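Chemist: entry_6.tsv is reproduced in full below (TSV, N, CA and C atoms).
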chain	number	residue	atom	x	y	z
A	1	GLN	N	16.18	8.06	9.48
A	1	GLN	CA	15.76	6.79	8.91
A	1	GLN	C	14.30	6.53	9.29
A	2	VAL	N	13.45	6.49	8.29
A	2	VAL	CA	12.03	6.26	8.53
A	2	VAL	C	11.79	4.76	8.64
A	3	ARG	N	11.10	4.36	9.69
A	3	ARG	CA	10.68	2.95	9.82
A	3	ARG	C	9.19	2.86	9.58
A	4	LEU	N	8.82	1.85	8.82
A	4	LEU	CA	7.43	1.65	8.45
A	4	LEU	C	6.98	0.28	8.96
A	5	VAL	N	5.88	0.25	9.65
A	5	VAL	CA	5.36	-0.99	10.21
A	5	VAL	C	3.98	-1.25	9.64
A	6	GLU	N	3.86	-2.39	8.96
A	6	GLU	CA	2.61	-2.77	8.30
A	6	GLU	C	1.85	-3.78	9.14
A	7	SER	N	0.56	-3.82	8.91
A	7	SER	CA	-0.28	-4.85	9.53
A	7	SER	C	-1.53	-5.03	8.68
A	8	GLY	N	-2.22	-6.15	8.91
A	8	GLY	CA	-3.51	-6.36	8.29
A	8	GLY	C	-3.57	-7.42	7.21
A	9	GLY	N	-2.45	-8.03	6.86
A	9	GLY	CA	-2.50	-9.06	5.84
A	9	GLY	C	-3.14	-10.33	6.37
A	10	GLY	N	-3.31	-11.30	5.46
A	10	GLY	CA	-3.89	-12.57	5.89
A	10	GLY	C	-4.45	-13.35	4.72
A	11	LEU	N	-5.22	-14.38	5.05
A	11	LEU	CA	-5.86	-15.24	4.06
A	11	LEU	C	-7.33	-14.86	3.95
A	12	VAL	N	-7.79	-14.68	2.73
A	12	VAL	CA	-9.18	-14.28	2.50
A	12	VAL	C	-9.69	-14.99	1.26
A	13	PRO	N	-10.96	-15.39	1.22
A	13	PRO	CA	-11.49	-16.04	0.02
A	13	PRO	C	-11.72	-15.03	-1.09
A	14	PRO	N	-11.79	-15.50	-2.33
A	14	PRO	CA	-12.09	-14.59	-3.44
A	14	PRO	C	-13.40	-13.83	-3.19
A	15	GLY	N	-13.36	-12.54	-3.50
A	15	GLY	CA	-14.51	-11.69	-3.24
A	15	GLY	C	-14.51	-11.04	-1.88
A	16	GLY	N	-13.58	-11.44	-1.04
A	16	GLY	CA	-13.50	-10.90	0.31
A	16	GLY	C	-12.79	-9.56	0.37
A	17	SER	N	-12.62	-9.07	1.60
A	17	SER	CA	-12.01	-7.76	1.84
A	17	SER	C	-10.95	-7.84	2.92
A	18	LEU	N	-9.99	-6.95	2.82
A	18	LEU	CA	-8.96	-6.77	3.83
A	18	LEU	C	-8.58	-5.31	3.87
A	19	THR	N	-8.12	-4.87	5.04
A	19	THR	CA	-7.57	-3.52	5.16
A	19	THR	C	-6.16	-3.61	5.71
A	20	LEU	N	-5.23	-3.03	4.98
A	20	LEU	CA	-3.84	-2.94	5.41
A	20	LEU	C	-3.59	-1.58	6.04
A	21	SER	N	-2.70	-1.57	7.03
A	21	SER	CA	-2.29	-0.33	7.68
A	21	SER	C	-0.78	-0.24	7.69
A	22	CYS	N	-0.28	0.96	7.64
A	22	CYS	CA	1.16	1.20	7.71
A	22	CYS	C	1.39	2.48	8.48
A	23	THR	N	2.17	2.39	9.55
A	23	THR	CA	2.48	3.56	10.37
A	23	THR	C	3.96	3.87	10.32
A	24	ALA	N	4.26	5.12	10.09
A	24	ALA	CA	5.64	5.58	10.04
A	24	ALA	C	6.12	5.99	11.42
A	25	SER	N	7.43	5.86	11.62
A	25	SER	CA	8.03	6.15	12.93
A	25	SER	C	8.23	7.64	13.18
A	26	GLU	N	8.03	8.46	12.14
A	26	GLU	CA	8.18	9.89	12.31
A	26	GLU	C	7.17	10.60	11.42
A	27	THR	N	7.11	11.90	11.59
A	27	THR	CA	6.15	12.68	10.83
A	27	THR	C	6.47	12.63	9.34
A	28	ILE	N	5.45	12.30	8.58
A	28	ILE	CA	5.55	12.32	7.13
A	28	ILE	C	4.65	13.45	6.63
A	29	PHE	N	5.24	14.46	6.06
A	29	PHE	CA	4.44	15.57	5.58
A	29	PHE	C	3.47	15.10	4.50
A	30	SER	N	2.31	15.71	4.50
A	30	SER	CA	1.25	15.26	3.61
A	30	SER	C	1.62	15.39	2.13
A	31	SER	N	2.60	16.25	1.85
A	31	SER	CA	3.02	16.42	0.46
A	31	SER	C	3.93	15.30	-0.02
A	32	ILE	N	4.41	14.48	0.90
A	32	ILE	CA	5.30	13.37	0.55
A	32	ILE	C	4.46	12.14	0.26
A	33	PRO	N	4.72	11.49	-0.87
A	33	PRO	CA	3.90	10.32	-1.21
A	33	PRO	C	4.07	9.18	-0.22
A	34	MET	N	2.97	8.61	0.16
A	34	MET	CA	2.94	7.33	0.89
A	34	MET	C	2.09	6.39	0.07
A	35	GLY	N	2.52	5.15	0.01
A	35	GLY	CA	1.74	4.25	-0.81
A	35	GLY	C	2.04	2.79	-0.55
A	36	TRP	N	1.49	1.97	-1.43
A	36	TRP	CA	1.60	0.52	-1.32
A	36	TRP	C	2.08	-0.05	-2.65
A	37	TYR	N	3.00	-0.99	-2.53
A	37	TYR	CA	3.45	-1.79	-3.65
A	37	TYR	C	3.19	-3.25	-3.29
A	38	ARG	N	3.27	-4.10	-4.30
A	38	ARG	CA	3.15	-5.54	-4.04
A	38	ARG	C	4.08	-6.31	-4.94
A	39	GLN	N	4.42	-7.50	-4.47
A	39	GLN	CA	5.29	-8.38	-5.26
A	39	GLN	C	4.79	-9.80	-5.13
A	40	ALA	N	4.40	-10.36	-6.25
A	40	ALA	CA	3.97	-11.75	-6.31
A	40	ALA	C	5.18	-12.62	-6.65
A	41	PRO	N	5.12	-13.91	-6.32
A	41	PRO	CA	6.26	-14.80	-6.62
A	41	PRO	C	6.61	-14.77	-8.10
A	42	GLY	N	7.88	-14.58	-8.38
A	42	GLY	CA	8.35	-14.58	-9.75
A	42	GLY	C	8.06	-13.32	-10.54
A	43	LYS	N	7.52	-12.32	-9.87
A	43	LYS	CA	7.19	-11.08	-10.57
A	43	LYS	C	7.90	-9.89	-9.94
A	44	GLN	N	7.95	-8.79	-10.68
A	44	GLN	CA	8.56	-7.58	-10.16
A	44	GLN	C	7.61	-6.87	-9.21
A	45	ARG	N	8.20	-6.09	-8.33
A	45	ARG	CA	7.40	-5.27	-7.44
A	45	ARG	C	6.68	-4.20	-8.26
A	46	GLU	N	5.40	-4.00	-7.95
A	46	GLU	CA	4.61	-3.05	-8.71
A	46	GLU	C	3.84	-2.12	-7.79
A	47	LEU	N	3.60	-0.91	-8.29
A	47	LEU	CA	2.79	0.05	-7.54
A	47	LEU	C	1.35	-0.42	-7.50
A	48	VAL	N	0.76	-0.35	-6.30
A	48	VAL	CA	-0.67	-0.63	-6.15
A	48	VAL	C	-1.43	0.68	-6.02
A	49	ALA	N	-1.01	1.54	-5.09
A	49	ALA	CA	-1.70	2.81	-4.88
A	49	ALA	C	-0.76	3.75	-4.14
A	50	ARG	N	-0.94	5.06	-4.38
A	50	ARG	CA	-0.07	6.05	-3.77
A	50	ARG	C	-0.88	7.32	-3.55
A	51	LYS	N	-0.59	8.01	-2.45
A	51	LYS	CA	-1.37	9.20	-2.14
A	51	LYS	C	-0.50	10.28	-1.54
A	52	ARG	N	-0.74	11.51	-1.99
A	52	ARG	CA	-0.17	12.69	-1.36
A	52	ARG	C	-1.16	13.83	-1.52
A	53	SER	N	-1.01	14.82	-0.67
A	53	SER	CA	-1.99	15.90	-0.66
A	53	SER	C	-1.93	16.70	-1.95
A	54	GLY	N	-3.07	17.21	-2.33
A	54	GLY	CA	-3.14	18.06	-3.50
A	54	GLY	C	-3.24	17.32	-4.81
A	55	ARG	N	-3.20	16.00	-4.76
A	55	ARG	CA	-3.29	15.21	-5.99
A	55	ARG	C	-4.26	14.06	-5.79
A	56	ASP	N	-4.90	13.68	-6.89
A	56	ASP	CA	-5.71	12.46	-6.83
A	56	ASP	C	-4.80	11.27	-6.59
A	57	PRO	N	-5.30	10.26	-5.90
A	57	PRO	CA	-4.47	9.07	-5.69
A	57	PRO	C	-4.15	8.38	-7.02
A	58	ASP	N	-3.02	7.71	-7.04
A	58	ASP	CA	-2.66	6.86	-8.18
A	58	ASP	C	-3.01	5.42	-7.84
A	59	TYR	N	-3.60	4.73	-8.80
A	59	TYR	CA	-3.93	3.32	-8.63
A	59	TYR	C	-3.43	2.52	-9.85
A	60	ALA	N	-3.01	1.30	-9.58
A	60	ALA	CA	-2.76	0.39	-10.69
A	60	ALA	C	-4.10	0.08	-11.38
A	61	ASP	N	-4.05	-0.08	-12.67
A	61	ASP	CA	-5.28	-0.38	-13.41
A	61	ASP	C	-5.99	-1.62	-12.86
A	62	SER	N	-5.22	-2.58	-12.43
A	62	SER	CA	-5.78	-3.86	-11.99
A	62	SER	C	-6.57	-3.75	-10.69
A	63	VAL	N	-6.36	-2.67	-9.93
A	63	VAL	CA	-7.06	-2.54	-8.64
A	63	VAL	C	-8.05	-1.38	-8.64
A	64	TYR	N	-8.06	-0.59	-9.70
A	64	TYR	CA	-8.92	0.59	-9.75
A	64	TYR	C	-10.38	0.18	-9.57
A	65	GLY	N	-11.06	0.88	-8.65
A	65	GLY	CA	-12.46	0.57	-8.37
A	65	GLY	C	-12.66	-0.49	-7.31
A	66	ARG	N	-11.60	-1.19	-6.95
A	66	ARG	CA	-11.71	-2.22	-5.91
A	66	ARG	C	-10.94	-1.84	-4.65
A	67	PHE	N	-9.82	-1.13	-4.81
A	67	PHE	CA	-8.97	-0.74	-3.68
A	67	PHE	C	-9.11	0.76	-3.45
A	68	THR	N	-8.99	1.15	-2.18
A	68	THR	CA	-9.01	2.57	-1.83
A	68	THR	C	-7.88	2.87	-0.86
A	69	ILE	N	-7.07	3.87	-1.19
A	69	ILE	CA	-6.00	4.30	-0.30
A	69	ILE	C	-6.44	5.55	0.45
A	70	SER	N	-6.05	5.60	1.70
A	70	SER	CA	-6.35	6.79	2.51
A	70	SER	C	-5.20	7.03	3.49
A	71	ARG	N	-5.14	8.25	3.99
A	71	ARG	CA	-4.09	8.61	4.94
A	71	ARG	C	-4.68	9.34	6.13
A	72	ASP	N	-4.09	9.09	7.29
A	72	ASP	CA	-4.37	9.86	8.48
A	72	ASP	C	-3.05	10.53	8.84
A	73	ASN	N	-2.89	11.78	8.42
A	73	ASN	CA	-1.60	12.44	8.59
A	73	ASN	C	-1.27	12.68	10.07
A	74	ALA	N	-2.28	12.84	10.88
A	74	ALA	CA	-2.03	13.04	12.31
A	74	ALA	C	-1.42	11.80	12.95
A	75	LYS	N	-1.71	10.63	12.36
A	75	LYS	CA	-1.18	9.37	12.89
A	75	LYS	C	-0.03	8.83	12.05
A	76	ASN	N	0.35	9.58	11.01
A	76	ASN	CA	1.42	9.13	10.12
A	76	ASN	C	1.13	7.73	9.57
A	77	THR	N	-0.10	7.51	9.24
A	77	THR	CA	-0.57	6.19	8.84
A	77	THR	C	-1.26	6.24	7.48
A	78	VAL	N	-0.98	5.23	6.68
A	78	VAL	CA	-1.66	5.07	5.40
A	78	VAL	C	-2.38	3.72	5.42
A	79	TYR	N	-3.55	3.70	4.80
A	79	TYR	CA	-4.38	2.51	4.78
A	79	TYR	C	-4.63	2.07	3.34
A	80	LEU	N	-4.89	0.80	3.18
A	80	LEU	CA	-5.32	0.28	1.88
A	80	LEU	C	-6.51	-0.63	2.12
A	81	GLN	N	-7.67	-0.14	1.74
A	81	GLN	CA	-8.89	-0.93	1.82
A	81	GLN	C	-9.01	-1.71	0.52
A	82	MET	N	-9.04	-3.04	0.63
A	82	MET	CA	-9.08	-3.90	-0.54
A	82	MET	C	-10.39	-4.68	-0.55
A	83	ASN	N	-11.18	-4.45	-1.57
A	83	ASN	CA	-12.48	-5.13	-1.72
A	83	ASN	C	-12.47	-6.00	-2.97
A	84	ARG	N	-13.40	-6.92	-3.02
A	84	ARG	CA	-13.58	-7.82	-4.19
A	84	ARG	C	-12.22	-8.41	-4.57
A	85	LEU	N	-11.55	-8.96	-3.60
A	85	LEU	CA	-10.21	-9.51	-3.84
A	85	LEU	C	-10.27	-10.70	-4.77
A	86	ARG	N	-9.19	-10.82	-5.55
A	86	ARG	CA	-9.07	-11.89	-6.54
A	86	ARG	C	-7.82	-12.72	-6.24
A	87	PRO	N	-7.77	-13.94	-6.71
A	87	PRO	CA	-6.55	-14.74	-6.50
A	87	PRO	C	-5.29	-14.04	-7.02
A	88	GLU	N	-5.42	-13.29	-8.09
A	88	GLU	CA	-4.24	-12.61	-8.65
A	88	GLU	C	-3.78	-11.43	-7.80
A	89	ASP	N	-4.52	-11.08	-6.75
A	89	ASP	CA	-4.07	-10.07	-5.81
A	89	ASP	C	-3.11	-10.66	-4.77
A	90	THR	N	-2.95	-11.96	-4.78
A	90	THR	CA	-2.04	-12.61	-3.84
A	90	THR	C	-0.62	-12.11	-4.04
A	91	ALA	N	-0.02	-11.62	-2.97
A	91	ALA	CA	1.33	-11.04	-3.04
A	91	ALA	C	1.76	-10.61	-1.64
A	92	VAL	N	3.02	-10.25	-1.54
A	92	VAL	CA	3.49	-9.53	-0.35
A	92	VAL	C	3.30	-8.04	-0.63
A	93	TYR	N	2.62	-7.36	0.27
A	93	TYR	CA	2.33	-5.94	0.11
A	93	TYR	C	3.30	-5.14	0.98
A	94	TYR	N	3.91	-4.13	0.35
A	94	TYR	CA	4.91	-3.30	1.02
A	94	TYR	C	4.45	-1.85	1.08
A	95	CYS	N	4.60	-1.27	2.24
A	95	CYS	CA	4.37	0.16	2.40
A	95	CYS	C	5.61	0.92	1.92
A	96	ASN	N	5.39	2.07	1.35
A	96	ASN	CA	6.49	2.86	0.80
A	96	ASN	C	6.32	4.33	1.11
A	97	VAL	N	7.45	4.97	1.46
A	97	VAL	CA	7.52	6.43	1.55
A	97	VAL	C	8.73	6.86	0.74
A	98	ARG	N	8.52	7.86	-0.11
A	98	ARG	CA	9.63	8.40	-0.88
A	98	ARG	C	9.91	9.81	-0.38
A	99	ASN	N	11.02	9.97	0.31
A	99	ASN	CA	11.34	11.24	0.95
A	99	ASN	C	12.74	11.67	0.57
A	100	GLY	N	12.83	12.84	-0.06
A	100	GLY	CA	14.15	13.34	-0.46
A	100	GLY	C	14.85	12.44	-1.45
A	101	GLY	N	14.07	11.79	-2.29
A	101	GLY	CA	14.67	10.92	-3.29
A	101	GLY	C	15.05	9.54	-2.78
A	102	VAL	N	14.75	9.26	-1.52
A	102	VAL	CA	15.09	7.97	-0.92
A	102	VAL	C	13.79	7.20	-0.68
A	103	ASP	N	13.81	5.93	-1.08
A	103	ASP	CA	12.66	5.06	-0.83
A	103	ASP	C	12.84	4.32	0.49
A	104	TYR	N	11.81	4.39	1.31
A	104	TYR	CA	11.77	3.64	2.55
A	104	TYR	C	10.68	2.58	2.42
A	105	TRP	N	10.98	1.37	2.92
A	105	TRP	CA	10.06	0.25	2.77
A	105	TRP	C	9.74	-0.39	4.11
A	106	GLY	N	8.52	-0.87	4.22
A	106	GLY	CA	8.18	-1.70	5.35
A	106	GLY	C	8.67	-3.13	5.13
A	107	GLN	N	8.42	-3.98	6.11
A	107	GLN	CA	8.90	-5.35	6.04
A	107	GLN	C	8.03	-6.23	5.15
A	108	GLY	N	6.85	-5.75	4.81
A	108	GLY	CA	5.93	-6.50	3.95
A	108	GLY	C	4.93	-7.30	4.75
A	109	THR	N	3.73	-7.43	4.19
A	109	THR	CA	2.70	-8.24	4.81
A	109	THR	C	2.06	-9.11	3.72
A	110	GLN	N	1.90	-10.38	4.02
A	110	GLN	CA	1.40	-11.33	3.02
A	110	GLN	C	-0.12	-11.23	2.91
A	111	VAL	N	-0.58	-11.13	1.69
A	111	VAL	CA	-2.01	-11.22	1.39
A	111	VAL	C	-2.21	-12.42	0.47
A	112	THR	N	-3.04	-13.35	0.90
A	112	THR	CA	-3.33	-14.54	0.11
A	112	THR	C	-4.83	-14.64	-0.13
A	113	VAL	N	-5.20	-14.70	-1.41
A	113	VAL	CA	-6.60	-14.79	-1.78
A	113	VAL	C	-6.84	-16.19	-2.35
A	114	SER	N	-7.54	-16.99	-1.59
A	114	SER	CA	-7.72	-18.39	-1.98
A	114	SER	C	-8.94	-18.96	-1.26
A	115	SER	N	-9.60	-19.89	-1.94
A	115	SER	CA	-10.72	-20.57	-1.31
A	115	SER	C	-10.24	-21.86	-0.63
How would this structure read if it were set down as structure tokens?
Modeler:
Amino acid sequence: QVRLVESGGGLVPPGGSLTLSCTASETIFSSIPMGWYRQAPGKQRELVARKRSGRDPDYADSVYGRFTISRDNAKNTVYLQMNRLRPEDTAVYYCNVRNGGVDYWGQGTQVTVSS
């Protein structure tokens, strides 16, 4: 059972930046996707960004050019650098690992973009 622990959420004004981190409790091979999803109130959970070795990262169209996903495989950690944040980026952000057909989720971290 993989446990994922997220950190880095908070309140930021429009145009600001935040970096989210997610660390897994065990080794996640670089070929296994690690990524971030988000869920805003009243909306479905959606993919934000996902990364695995040997492939370009996947980004939602709405965050392309503003968010950057990266991984430190030695630390079993994935990061999400979020720049030029917008109010519509407000959501609970969840870390995700898909291993052996099973989705593992973190507890979520709230990101609120508001002046």
Chemist: Counting only N, CA and C atoms, what is within 7 Å of range 14-18 of chain A, bar same-chain residues fewer than 4 positions away, as a list of chain:residue names?
Modeler: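 Within the cut-off, the hits are A:Gly8, A:Leu80, A:Gln81, A:Met82, A:Asn83, A:Arg84, A:Leu85, A:Arg86, A:Pro87, A:Val113, A:Ser114, A:Ser115.
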Chemist: In chain A, what's helix (DSSP H, G or I) per DSSP? Answer as a PyMOL selection string?
Modeler: chain A and resi 73-75+87-89
Chemist: To one decimal place, how far is CA of Asp89 in chain A from atom C of Gln110 in chain A in Å?
Modeler: 9.6 Å
Chemist: Using all atoms listed in the file, determine which residues lie at most 6.5 Å from Arg3 in chain A, disregarding the query and same-chain residues fewer than 4 positions distant; provide the list as a PyMOL selection string.
Modeler: chain A and resi 23-26+105-106
Chemist: Identify, on the basis of only C-alpha atoms, every residue whose closest approach to Ser7 in chain A does not exceed 10 Å; exclude the query and any residue fewer than 5 positions from it along the same chain; express the result as a list in words.
Modeler: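 Non-adjacent residues within range: Thr19, Leu20, Ser21, Cys22, Thr23, Tyr79, Tyr93, Cys95, Gly106, Gln107, Gly108, Thr109 and Gln110 of chain A.
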Chemist: So how far away is CA of Glu6 in chain A from atom C of Gln44 in chain A, in Å?
Modeler: 18.7 Å
Chemist: Can you give me all heavy atoms for range 68-79 of chain A, written as a PDB file, keeping the file's coordinate frame?
Modeler:
ATOM      1  N   THR A  68      -8.990   1.150  -2.180  1.00  0.00           N
ATOM      2  CA  THR A  68      -9.010   2.570  -1.830  1.00  0.00           C
ATOM      3  C   THR A  68      -7.880   2.870  -0.860  1.00  0.00           C
ATOM      4  O   THR A  68      -7.758   2.197   0.174  1.00  0.00           O
ATOM      5  CB  THR A  68     -10.347   2.952  -1.183  1.00  0.00           C
ATOM      6  OG1 THR A  68     -11.418   2.653  -2.078  1.00  0.00           O
ATOM      7  CG2 THR A  68     -10.371   4.448  -0.862  1.00  0.00           C
ATOM      8  N   ILE A  69      -7.070   3.870  -1.190  1.00  0.00           N
ATOM      9  CA  ILE A  69      -6.000   4.300  -0.300  1.00  0.00           C
ATOM     10  C   ILE A  69      -6.440   5.550   0.450  1.00  0.00           C
ATOM     11  O   ILE A  69      -7.126   6.405  -0.110  1.00  0.00           O
ATOM     12  CB  ILE A  69      -4.692   4.553  -1.096  1.00  0.00           C
ATOM     13  CG1 ILE A  69      -3.520   4.803  -0.149  1.00  0.00           C
ATOM     14  CG2 ILE A  69      -4.859   5.703  -2.093  1.00  0.00           C
ATOM     15  CD1 ILE A  69      -2.161   4.826  -0.837  1.00  0.00           C
ATOM     16  N   SER A  70      -6.050   5.600   1.700  1.00  0.00           N
ATOM     17  CA  SER A  70      -6.350   6.790   2.510  1.00  0.00           C
ATOM     18  C   SER A  70      -5.200   7.030   3.490  1.00  0.00           C
ATOM     19  O   SER A  70      -4.402   6.119   3.751  1.00  0.00           O
ATOM     20  CB  SER A  70      -7.674   6.612   3.258  1.00  0.00           C
ATOM     21  OG  SER A  70      -7.621   5.508   4.139  1.00  0.00           O
ATOM     22  N   ARG A  71      -5.140   8.250   3.990  1.00  0.00           N
ATOM     23  CA  ARG A  71      -4.090   8.610   4.940  1.00  0.00           C
ATOM     24  C   ARG A  71      -4.680   9.340   6.130  1.00  0.00           C
ATOM     25  O   ARG A  71      -5.637  10.116   5.991  1.00  0.00           O
ATOM     26  CB  ARG A  71      -3.052   9.540   4.276  1.00  0.00           C
ATOM     27  CG  ARG A  71      -2.114   8.873   3.367  1.00  0.00           C
ATOM     28  CD  ARG A  71      -1.200   9.840   2.655  1.00  0.00           C
ATOM     29  NE  ARG A  71      -0.202  10.448   3.538  1.00  0.00           N
ATOM     30  CZ  ARG A  71       0.884  11.072   3.098  1.00  0.00           C
ATOM     31  NH1 ARG A  71       1.088  11.180   1.793  1.00  0.00           N
ATOM     32  NH2 ARG A  71       1.740  11.615   3.948  1.00  0.00           N
ATOM     33  N   ASP A  72      -4.090   9.090   7.290  1.00  0.00           N
ATOM     34  CA  ASP A  72      -4.370   9.860   8.480  1.00  0.00           C
ATOM     35  C   ASP A  72      -3.050  10.530   8.840  1.00  0.00           C
ATOM     36  O   ASP A  72      -2.186   9.930   9.473  1.00  0.00           O
ATOM     37  CB  ASP A  72      -4.867   8.962   9.616  1.00  0.00           C
ATOM     38  CG  ASP A  72      -5.279   9.750  10.847  1.00  0.00           C
ATOM     39  OD1 ASP A  72      -4.775  10.880  11.033  1.00  0.00           O
ATOM     40  OD2 ASP A  72      -6.086   9.238  11.635  1.00  0.00           O
ATOM     41  N   ASN A  73      -2.890  11.780   8.420  1.00  0.00           N
ATOM     42  CA  ASN A  73      -1.600  12.440   8.590  1.00  0.00           C
ATOM     43  C   ASN A  73      -1.270  12.680  10.070  1.00  0.00           C
ATOM     44  O   ASN A  73      -0.104  12.683  10.445  1.00  0.00           O
ATOM     45  CB  ASN A  73      -1.589  13.760   7.826  1.00  0.00           C
ATOM     46  CG  ASN A  73      -1.633  13.542   6.326  1.00  0.00           C
ATOM     47  OD1 ASN A  73      -0.924  12.689   5.786  1.00  0.00           O
ATOM     48  ND2 ASN A  73      -2.473  14.297   5.639  1.00  0.00           N
ATOM     49  N   ALA A  74      -2.280  12.840  10.880  1.00  0.00           N
ATOM     50  CA  ALA A  74      -2.030  13.040  12.310  1.00  0.00           C
ATOM     51  C   ALA A  74      -1.420  11.800  12.950  1.00  0.00           C
ATOM     52  O   ALA A  74      -0.703  11.900  13.947  1.00  0.00           O
ATOM     53  CB  ALA A  74      -3.331  13.409  13.016  1.00  0.00           C
ATOM     54  N   LYS A  75      -1.710  10.630  12.360  1.00  0.00           N
ATOM     55  CA  LYS A  75      -1.180   9.370  12.890  1.00  0.00           C
ATOM     56  C   LYS A  75      -0.030   8.830  12.050  1.00  0.00           C
ATOM     57  O   LYS A  75       0.472   7.735  12.328  1.00  0.00           O
ATOM     58  CB  LYS A  75      -2.300   8.328  12.951  1.00  0.00           C
ATOM     59  CG  LYS A  75      -3.418   8.675  13.918  1.00  0.00           C
ATOM     60  CD  LYS A  75      -4.471   7.569  13.944  1.00  0.00           C
ATOM     61  CE  LYS A  75      -5.578   7.907  14.932  1.00  0.00           C
ATOM     62  NZ  LYS A  75      -6.632   6.841  14.961  1.00  0.00           N
ATOM     63  N   ASN A  76       0.350   9.580  11.010  1.00  0.00           N
ATOM     64  CA  ASN A  76       1.420   9.130  10.120  1.00  0.00           C
ATOM     65  C   ASN A  76       1.130   7.730   9.570  1.00  0.00           C
ATOM     66  O   ASN A  76       2.021   6.884   9.461  1.00  0.00           O
ATOM     67  CB  ASN A  76       2.784   9.134  10.834  1.00  0.00           C
ATOM     68  CG  ASN A  76       3.171  10.502  11.318  1.00  0.00           C
ATOM     69  OD1 ASN A  76       3.072  11.479  10.584  1.00  0.00           O
ATOM     70  ND2 ASN A  76       3.578  10.586  12.576  1.00  0.00           N
ATOM     71  N   THR A  77      -0.100   7.510   9.240  1.00  0.00           N
ATOM     72  CA  THR A  77      -0.570   6.190   8.840  1.00  0.00           C
ATOM     73  C   THR A  77      -1.260   6.240   7.480  1.00  0.00           C
ATOM     74  O   THR A  77      -2.002   7.188   7.199  1.00  0.00           O
ATOM     75  CB  THR A  77      -1.533   5.618   9.891  1.00  0.00           C
ATOM     76  OG1 THR A  77      -0.842   5.484  11.134  1.00  0.00           O
ATOM     77  CG2 THR A  77      -2.065   4.246   9.473  1.00  0.00           C
ATOM     78  N   VAL A  78      -0.980   5.230   6.680  1.00  0.00           N
ATOM     79  CA  VAL A  78      -1.660   5.070   5.400  1.00  0.00           C
ATOM     80  C   VAL A  78      -2.380   3.720   5.420  1.00  0.00           C
ATOM     81  O   VAL A  78      -1.888   2.747   5.995  1.00  0.00           O
ATOM     82  CB  VAL A  78      -0.654   5.164   4.226  1.00  0.00           C
ATOM     83  CG1 VAL A  78       0.380   4.051   4.259  1.00  0.00           C
ATOM     84  CG2 VAL A  78      -1.384   5.197   2.891  1.00  0.00           C
ATOM     85  N   TYR A  79      -3.550   3.700   4.800  1.00  0.00           N
ATOM     86  CA  TYR A  79      -4.380   2.510   4.780  1.00  0.00           C
ATOM     87  C   TYR A  79      -4.630   2.070   3.340  1.00  0.00           C
ATOM     88  O   TYR A  79      -4.620   2.900   2.420  1.00  0.00           O
ATOM     89  CB  TYR A  79      -5.727   2.776   5.448  1.00  0.00           C
ATOM     90  CG  TYR A  79      -5.638   3.294   6.849  1.00  0.00           C
ATOM     91  CD1 TYR A  79      -5.659   4.665   7.107  1.00  0.00           C
ATOM     92  CD2 TYR A  79      -5.527   2.430   7.926  1.00  0.00           C
ATOM     93  CE1 TYR A  79      -5.574   5.164   8.390  1.00  0.00           C
ATOM     94  CE2 TYR A  79      -5.448   2.913   9.225  1.00  0.00           C
ATOM     95  CZ  TYR A  79      -5.472   4.270   9.451  1.00  0.00           C
ATOM     96  OH  TYR A  79      -5.387   4.747  10.733  1.00  0.00           O
TER      97      TYR A  79
END
